[in-house]
Amino acid sequence: MKQAVTAALALAACNWIVPMAQAQEQPAAEHQVSYNAAVVSDYRYRGISQSRLDPALQGGADYTHTPTGLYAGTWLSTIHWTGDLGGSGSVEWDLYGGKRGELGGGVSYDVGGLYYFYPSNGLHPNANTFELYGQLGYGPGYLKYSRSLTNLFGTADSKQSGYWDLGANIDTGWQAVTLQLHAGRQQVHHNDALSYTDYKVGLARDFGWATVGLAWVKTNTSAYVAPDGRSLGRSGVVASLTKTF
């Protein structure tokens, strides 16, 4: 009986190990598509509220060609700022594409372009903006630079504006919690009064069914204000619920 039990356990172990080994050797799919949806208590972009300090709904889709690292995607969010500046529209629609890969020695790269489209925004200059970006990563850290080839979000004479983004997403090793750190510098060309620095410290936990985030956001500017006079760059806590599928 003991020998029979031992043999059965050994056979079961073999039946478990072989599929596991086969799964590990299975290459990643050539074409990968994912979708995301989120609700946030305040849509902050580069530290400035895009939703008048109110909640926003967001969602998008991403495609990656695994062998080459080429990717493309789209993302949308509800907003208020185009209407608050005298225009119209309540949606931001982003279209982007680029290439990711490894340079060796643990260094990764990501280069591409991003078009921010604000349908029927009616602003002059137009709010629609196109940026090129490049990013280097090492471990959990990254450094990214974005440069606008158009006026920046409806600001006159602001072509060639730049944004530096330094950050890290650190796996804490506890309960699937990630520590998110960020510091950024927005330089608005020919508009120094609108240039500023922003910061973020956040925690995000993946529960499997969704990811819950909580972040403290701050800027050093009071140049961006809501119609009621509230600073759109003031310190605040942002909560988020995100599902990727």
# chains A, B, ... in the order shown; residues from 1 in each chain; ligands from 1
$ closest_atom_pairs --of "segment 182-228 of chain A" --to "segment 28-41 of chain A" --cutoff "10 Å" --atoms "only C-alpha atoms" --output "JSON lines"
{"residue": "A:Ala210", "atom": "CA", "partner": "A:Ala38", "partner_atom": "CA", "distance": 9.3}
{"residue": "A:Thr211", "atom": "CA", "partner": "A:Ala38", "partner_atom": "CA", "distance": 9.3}
{"residue": "A:Val212", "atom": "CA", "partner": "A:Ala38", "partner_atom": "CA", "distance": 9.8}
{"residue": "A:Gly213", "atom": "CA", "partner": "A:Val40", "partner_atom": "CA", "distance": 9.1}
{"residue": "A:Leu214", "atom": "CA", "partner": "A:Val40", "partner_atom": "CA", "distance": 9.8}
$ write_last_selection --atoms "all heavy atoms" --output "PDB file, in the first residue's frame"
ATOM      1  N   ALA A 210      -9.801  44.161  -9.313  1.00  0.00           N
ATOM      2  CA  ALA A 210      -9.541  45.559  -9.675  1.00  0.00           C
ATOM      3  C   ALA A 210      -8.346  46.048  -8.864  1.00  0.00           C
ATOM      4  O   ALA A 210      -7.918  45.406  -7.898  1.00  0.00           O
ATOM      5  CB  ALA A 210     -10.762  46.438  -9.418  1.00  0.00           C
ATOM      6  N   THR A 211      -7.822  47.198  -9.261  1.00  0.00           N
ATOM      7  CA  THR A 211      -6.737  47.838  -8.524  1.00  0.00           C
ATOM      8  C   THR A 211      -7.259  49.112  -7.881  1.00  0.00           C
ATOM      9  O   THR A 211      -7.878  49.943  -8.555  1.00  0.00           O
ATOM     10  CB  THR A 211      -5.553  48.166  -9.452  1.00  0.00           C
ATOM     11  OG1 THR A 211      -5.032  46.952 -10.002  1.00  0.00           O
ATOM     12  CG2 THR A 211      -4.449  48.878  -8.691  1.00  0.00           C
ATOM     13  N   VAL A 212      -7.011  49.249  -6.588  1.00  0.00           N
ATOM     14  CA  VAL A 212      -7.442  50.422  -5.836  1.00  0.00           C
ATOM     15  C   VAL A 212      -6.223  51.290  -5.539  1.00  0.00           C
ATOM     16  O   VAL A 212      -5.192  50.781  -5.083  1.00  0.00           O
ATOM     17  CB  VAL A 212      -8.140  50.015  -4.526  1.00  0.00           C
ATOM     18  CG1 VAL A 212      -8.518  51.247  -3.705  1.00  0.00           C
ATOM     19  CG2 VAL A 212      -9.380  49.180  -4.828  1.00  0.00           C
ATOM     20  N   GLY A 213      -6.312  52.575  -5.832  1.00  0.00           N
ATOM     21  CA  GLY A 213      -5.186  53.480  -5.624  1.00  0.00           C
ATOM     22  C   GLY A 213      -5.558  54.665  -4.767  1.00  0.00           C
ATOM     23  O   GLY A 213      -6.714  55.111  -4.750  1.00  0.00           O
ATOM     24  N   LEU A 214      -4.569  55.192  -4.059  1.00  0.00           N
ATOM     25  CA  LEU A 214      -4.732  56.392  -3.255  1.00  0.00           C
ATOM     26  C   LEU A 214      -3.435  57.181  -3.364  1.00  0.00           C
ATOM     27  O   LEU A 214      -2.353  56.641  -3.088  1.00  0.00           O
ATOM     28  CB  LEU A 214      -5.018  56.031  -1.804  1.00  0.00           C
ATOM     29  CG  LEU A 214      -5.617  57.130  -0.912  1.00  0.00           C
ATOM     30  CD1 LEU A 214      -6.995  57.522  -1.413  1.00  0.00           C
ATOM     31  CD2 LEU A 214      -5.694  56.656   0.536  1.00  0.00           C
TER      32      LEU A 214
END
$ residues_around --residues "Gly122 of chain A" --least-positions-apart "3" --cutoff "8 Å" --atoms "only C-alpha atoms" --output "ChimeraX atom specification"
/A:87-88,126
$ select_by_dssp --residues "segment 29-136 of chain A" --states "strand (DSSP E or B)" --output "MDAnalysis selection string"
chainID A and resid 31:40 44:45 48:49 56:65 70:78 91:104 107:117 129:136
$ select_by_dssp --residues "chain A" --states "helix (DSSP H, G or I)" --output "PyMOL selection string"
chain A and resi 2-25+81-84+192-194
$ write_last_selection --atoms "C-alpha atoms" --output "CSV table (one decimal), in the first residue's frame"
chain,number,residue,atom,x,y,z
A,2,LYS,CA,2.8,2.4,0.9
A,3,GLN,CA,4.6,1.7,-2.4
A,4,ALA,CA,1.3,2.2,-4.3
A,5,VAL,CA,0.7,5.5,-2.6
A,6,THR,CA,4.3,6.7,-3.2
A,7,ALA,CA,4.0,5.7,-6.9
A,8,ALA,CA,0.7,7.6,-7.2
A,9,LEU,CA,2.1,10.7,-5.6
A,10,ALA,CA,5.2,10.5,-7.9
A,11,LEU,CA,2.9,10.2,-11.0
A,12,ALA,CA,0.8,13.1,-9.8
A,13,ALA,CA,3.9,15.2,-9.4
A,14,CYS,CA,5.1,14.3,-12.9
A,15,ASN,CA,1.7,15.2,-14.3
A,16,TRP,CA,1.9,18.6,-12.6
A,17,ILE,CA,5.5,19.4,-13.4
A,18,VAL,CA,5.2,18.6,-17.2
A,19,PRO,CA,2.3,21.1,-17.9
A,20,MET,CA,4.0,23.7,-15.7
A,21,ALA,CA,7.3,23.3,-17.7
A,22,GLN,CA,5.3,23.5,-21.0
A,23,ALA,CA,3.5,26.6,-19.8
A,24,GLN,CA,6.8,28.3,-18.9
A,25,GLU,CA,8.3,27.5,-22.3
A,81,TRP,CA,-11.5,72.5,-18.4
A,82,THR,CA,-12.2,73.2,-22.0
A,83,GLY,CA,-15.7,74.5,-21.1
A,84,ASP,CA,-14.3,76.4,-18.1
A,192,ASP,CA,6.9,81.2,-17.9
A,193,ALA,CA,4.1,82.2,-15.5
A,194,LEU,CA,2.4,78.9,-16.5
$ residues_around --residues "segment 49-53 of chain A" --least-positions-apart "5" --cutoff "6 Å" --atoms "only C-alpha atoms" --output "list of chain:residue names"
A:Asp42, A:Tyr43, A:Arg44, A:Ile79, A:His80, A:Trp81, A:Leu232
$ write_last_selection --atoms "C-alpha atoms" --output "PDB file, in the first residue's frame"
ATOM      1  CA  ASP A  42     -10.267  63.779  -9.540  1.00  0.00           C
ATOM      2  CA  TYR A  43      -8.542  63.550 -12.928  1.00  0.00           C
ATOM      3  CA  ARG A  44      -5.105  65.043 -12.312  1.00  0.00           C
ATOM      4  CA  ILE A  79     -13.122  66.614 -18.375  1.00  0.00           C
ATOM      5  CA  HIS A  80     -14.355  70.134 -17.581  1.00  0.00           C
ATOM      6  CA  TRP A  81     -11.469  72.483 -18.351  1.00  0.00           C
ATOM      7  CA  LEU A 232      -6.615  73.322  -9.851  1.00  0.00           C
TER       8      LEU A 232
END
$ closest_residue --among "A:Leu57, A:Ile48, A:Leu70, A:Val225" --to "Tyr199 of chain A" --atoms "only C-alpha atoms"
A:Ile48
$ residues_around --residues "Asp198 of chain A" --least-positions-apart "5" --cutoff "12 Å" --atoms "only C-alpha atoms" --output "JSON, numbers by chain"
{"A": [44, 45, 46, 47, 48, 49, 163, 164, 165, 166, 167, 181, 182, 183, 184, 185, 186, 187, 216, 217, 218, 219, 220, 221, 222, 232, 233, 234, 235, 236]}
$ write_last_selection --atoms "N, CA, C and O atoms" --output "CSV table (one decimal), in the first residue's frame"
chain,number,residue,atom,x,y,z
A,44,ARG,N,-6.3,64.2,-12.3
A,44,ARG,CA,-5.1,65.0,-12.3
A,44,ARG,C,-4.2,64.6,-13.4
A,44,ARG,O,-3.8,63.5,-13.5
A,45,TYR,N,-3.8,65.6,-14.2
A,45,TYR,CA,-2.7,65.3,-15.3
A,45,TYR,C,-1.6,66.3,-15.1
A,45,TYR,O,-1.8,67.5,-15.1
A,46,ARG,N,-0.4,65.7,-14.8
A,46,ARG,CA,0.8,66.5,-14.5
A,46,ARG,C,0.4,67.5,-13.3
A,46,ARG,O,0.8,68.6,-13.3
A,47,GLY,N,-0.3,67.0,-12.4
A,47,GLY,CA,-0.6,67.7,-11.2
A,47,GLY,C,-1.8,68.6,-11.2
A,47,GLY,O,-2.3,69.1,-10.2
A,48,ILE,N,-2.3,68.9,-12.4
A,48,ILE,CA,-3.4,69.9,-12.6
A,48,ILE,C,-4.7,69.2,-12.8
A,48,ILE,O,-4.8,68.3,-13.7
A,49,SER,N,-5.8,69.5,-12.1
A,49,SER,CA,-7.1,68.9,-12.3
A,49,SER,C,-7.6,69.2,-13.7
A,49,SER,O,-7.8,70.4,-14.0
A,163,TYR,N,8.2,68.6,-20.9
A,163,TYR,CA,7.8,68.1,-19.6
A,163,TYR,C,8.8,66.9,-19.2
A,163,TYR,O,8.9,66.0,-19.9
A,164,TRP,N,9.4,67.1,-18.0
A,164,TRP,CA,10.3,66.1,-17.5
A,164,TRP,C,9.5,65.3,-16.4
A,164,TRP,O,8.8,65.9,-15.6
A,165,ASP,N,9.6,64.0,-16.5
A,165,ASP,CA,8.9,63.1,-15.6
A,165,ASP,C,9.9,62.1,-15.0
A,165,ASP,O,10.4,61.2,-15.7
A,166,LEU,N,10.1,62.2,-13.7
A,166,LEU,CA,11.0,61.2,-13.0
A,166,LEU,C,10.2,60.5,-12.0
A,166,LEU,O,9.5,61.1,-11.2
A,167,GLY,N,10.3,59.2,-12.0
A,167,GLY,CA,9.4,58.4,-11.1
A,167,GLY,C,9.9,57.0,-10.9
A,167,GLY,O,10.8,56.5,-11.5
A,181,LEU,N,6.0,56.8,-6.9
A,181,LEU,CA,6.7,58.1,-6.6
A,181,LEU,C,6.9,58.8,-8.0
A,181,LEU,O,7.2,58.2,-9.0
A,182,HIS,N,6.7,60.2,-7.9
A,182,HIS,CA,6.8,61.0,-9.2
A,182,HIS,C,7.1,62.4,-8.8
A,182,HIS,O,6.6,63.0,-7.9
A,183,ALA,N,8.0,63.0,-9.7
A,183,ALA,CA,8.2,64.4,-9.7
A,183,ALA,C,8.3,64.9,-11.1
A,183,ALA,O,8.9,64.2,-12.0
A,184,GLY,N,7.7,66.0,-11.5
A,184,GLY,CA,7.7,66.4,-12.8
A,184,GLY,C,7.9,67.9,-13.0
A,184,GLY,O,7.6,68.7,-12.0
A,185,ARG,N,8.3,68.4,-14.1
A,185,ARG,CA,8.5,69.8,-14.4
A,185,ARG,C,7.9,70.1,-15.7
A,185,ARG,O,8.4,69.6,-16.8
A,186,GLN,N,6.9,70.9,-15.7
A,186,GLN,CA,6.3,71.4,-17.0
A,186,GLN,C,6.8,72.8,-17.3
A,186,GLN,O,6.6,73.7,-16.6
A,187,GLN,N,7.5,72.9,-18.5
A,187,GLN,CA,8.0,74.1,-19.0
A,187,GLN,C,7.1,74.5,-20.2
A,187,GLN,O,7.0,73.8,-21.1
A,216,TRP,N,-1.4,61.2,-3.1
A,216,TRP,CA,-1.3,62.6,-2.7
A,216,TRP,C,-0.6,63.3,-3.8
A,216,TRP,O,0.5,62.9,-4.3
A,217,VAL,N,-1.2,64.4,-4.3
A,217,VAL,CA,-0.7,65.2,-5.5
A,217,VAL,C,-0.6,66.6,-5.1
A,217,VAL,O,-1.4,67.2,-4.4
A,218,LYS,N,0.5,67.2,-5.6
A,218,LYS,CA,0.8,68.6,-5.3
A,218,LYS,C,1.5,69.3,-6.4
A,218,LYS,O,2.3,68.7,-7.2
A,219,THR,N,1.3,70.6,-6.6
A,219,THR,CA,2.1,71.5,-7.5
A,219,THR,C,2.5,72.7,-6.8
A,219,THR,O,2.0,73.0,-5.7
A,220,ASN,N,3.4,73.5,-7.4
A,220,ASN,CA,3.8,74.7,-6.8
A,220,ASN,C,3.3,75.9,-7.6
A,220,ASN,O,3.9,77.0,-7.5
A,221,THR,N,2.1,75.8,-8.2
A,221,THR,CA,1.5,76.9,-9.0
A,221,THR,C,0.1,77.2,-8.6
A,221,THR,O,-0.6,76.2,-8.2
A,222,SER,N,-0.3,78.4,-8.7
A,222,SER,CA,-1.7,78.8,-8.5
A,222,SER,C,-2.2,79.5,-9.7
A,222,SER,O,-3.2,80.2,-9.7
A,232,LEU,N,-6.6,74.7,-9.3
A,232,LEU,CA,-6.6,73.3,-9.9
A,232,LEU,C,-5.3,72.5,-9.6
A,232,LEU,O,-5.3,71.3,-9.9
A,233,GLY,N,-4.3,73.2,-9.1
A,233,GLY,CA,-3.1,72.5,-8.8
A,233,GLY,C,-2.8,72.4,-7.3
A,233,GLY,O,-1.7,72.1,-6.9
A,234,ARG,N,-3.8,72.6,-6.5
A,234,ARG,CA,-3.6,72.6,-5.1
A,234,ARG,C,-3.4,71.2,-4.6
A,234,ARG,O,-3.7,70.2,-5.3
A,235,SER,N,-2.8,71.0,-3.4
A,235,SER,CA,-2.5,69.7,-2.8
A,235,SER,C,-3.9,69.0,-2.6
A,235,SER,O,-4.9,69.6,-2.3
A,236,GLY,N,-3.9,67.7,-2.9
A,236,GLY,CA,-5.1,66.9,-2.7
A,236,GLY,C,-4.8,65.4,-2.8
A,236,GLY,O,-3.7,65.0,-3.2
$ residues_around --residues "Arg205 of chain A" --least-positions-apart "5" --cutoff "12 Å" --atoms "only C-alpha atoms" --output "VMD selection string"
chain A and resid 169 to 180 210 to 215 239 to 243
$ residues_around --residues "Ser146 of chain A" --least-positions-apart "6" --cutoff "10 Å" --atoms "only C-alpha atoms" --output "PyMOL selection string"
chain A and resi 111-114+130-135+160-165+186
$ closest_residue --among "A:Ala226, A:Ala127, A:Leu143, A:Val91" --to "Tyr109 of chain A" --atoms "only C-alpha atoms"
A:Leu143
$ atom_distance --atom1 "atom CA of Tyr224 of chain A" --atom2 "atom CA of His190 of chain A"
16.6 Å
$ atom_distance --atom1 "atom CA of Leu136 of chain A" --atom2 "atom CA of Thr64 of chain A"
18.6 Å
$ closest_residue --among "A:Val188, A:Tyr145, A:Arg100, A:Val107" --to "Pro67 of chain A" --atoms "only C-alpha atoms"
A:Arg100
